[in-house]
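*Asks:* Handing you a structure now.
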Amino acid sequence: MMESVWIFTVLIIYKAWSVTSEVPLSFELGSYVNLTCRGQSNPFLHVIWKIQTKNNKCRVTFQHNSENTCRDGLYITLQATNQTVLHIPNFSESDVGFYSGELVLSRSREVCNFSLSVTTPPRLSSWLEMKDGKLVAVCKAEGANPAANISWKEAGNSSVEEKRSVSDQFHTTESRLTLPQHYASSSTPVCSVAHAAWAEERLLLPRLPGLPFYQVCIISAFITIFVLAGTSLLLYRHRKFLISRCRGHVDASLTDSQQKEDVEEVEPYASYVQRVNSIYNS
């Protein structure tokens with residue numbers, strides 16, 4: 001008896017959810033999408049799908065007065081289980097939006113609402129940092145749709161804190177693992193990230209933070225320019241010093257030769273004066 005009551009309760013909740021809730025779904029670009037309203041055993045009168053995307057608003061109907069104002073190749077088929085399916089071939093950015101299906105029966109009416117978006121893999125990063133004197137391993141998956149799931153391998157009894165945020169339908173998940181006091185570098189925990197866009201999970205090993213590659217390139221360029229400029233300046237000064245020394249030697253050589261020429265010019269005159277003086281003295 002209790003089992004029957006439980007099943008009945010679940011059916012009531014499911015019906016209320018199917019009428020009022022909007023189901024978020026995410027698909028990869030180029031995939032073939034099928035949207036199905038809840039199946040009914042009773043025959044239906046007609047089905048109406050109302051689609052509203054960023055750049056378009058259209059509708060597709062089935063059975064009586066069938067029409068299709070959508071231009072993206074959308075169409076409806078009837079399954080053997082008396083269930084209709086809305087087909088979206090080659091899912092693209094233009095198909096992102098809200099889809100509302102209305103199934104009209106002979107005595108009731110069912111509505112199903114879907115919000116479709118594109119599956120986007122996250123950007124991953126992981127690092128180690130100090131907080132309140134404790135070492136914390138951080139793993140971050142940002143810009144994802146749907147949200148990525150983060151777990152830790154070899155975490156032991158370390159405490160985990162997770163934060164999630166949404167911006168423009170893109171999800172960011174950040175997990176912070178506080179490492180114990182007896183942490184050893186040989187036992188670094190591994191961050192594991194799972195996402196709908198990947199067939200397998202991605203593993204990251206937190207490292208001490210370093211400079212981004214572009215900053216390293218900029219710093220290296222500045223260092224190279226500084227070294228080249230310093231070397232050029234030293235070479236210029238050394239060349240200037242050598243030139244000045246060479247000029248000094250040349251000037252000294254010129255001075256010595258000039259002095260010799262002056263002596264050579266004075267010596268004949270001195271000897272002449274000496275001979276004249278000797279004649280007068282005699």
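Chain labels A, B, ... are given in the sequence in which chains occur in the structure tokens; within each chain residues are numbered consecutively from 1, and ligands are likewise numbered from 1 in the order shown.
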Return as a list in words the full set of residues in region 17-182 of chain A whose backbone-based DSSP assignment is alpha helix (DSSP H).
*Replies:*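 Alpha helix (DSSP H) assignments inside region 17-182 of chain A correspond to Trp17, Ser18, Val19 and Thr20 of chain A.
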*Asks:* From the set A:Glu102, A:Glu142, A:Asp168, A:Glu67, which residue has the shortest atom-to-atom contact distance to Arg123 (chain A), counting only C-alpha atoms?
*Replies:*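 Using only C-alpha atoms, the shortest distance to Arg123 (chain A) belongs to A:Glu142.
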*Asks:* I'd like the neighbourhood of region 148-152 of chain A as a ChimeraX atom specification, where a residue qualifies if any of its atoms comes within 6 Å (using only C-alpha atoms), though same-chain residues fewer than 4 positions away should be ignored.
*Replies:* /A:190-195
*Asks:* Please write the residues from the selection above to a file, keeping C-alpha atoms, as a PDB file, in the first residue's frame.
*Replies:*
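File out.pdb, as written:
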```
ATOM      1  CA  VAL A 190      45.069  15.903  -8.327  1.00  0.00           C
ATOM      2  CA  CYS A 191      42.134  17.979  -9.593  1.00  0.00           C
ATOM      3  CA  SER A 192      39.658  16.051 -11.738  1.00  0.00           C
ATOM      4  CA  VAL A 193      37.218  17.954 -13.999  1.00  0.00           C
ATOM      5  CA  ALA A 194      34.300  16.313 -15.826  1.00  0.00           C
ATOM      6  CA  HIS A 195      32.139  18.011 -18.453  1.00  0.00           C
TER       7      HIS A 195
END
```
*Asks:* Here is a test: counting only C-alpha atoms, which residue of A:Leu135, A:Leu128, A:Ala229, A:Cys112 is nearest to Thr178 (chain A)?
*Replies:*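 Checking each of A:Leu135, A:Leu128, A:Ala229, A:Cys112 against Thr178 (chain A), counting only C-alpha atoms, the winner is A:Leu135.
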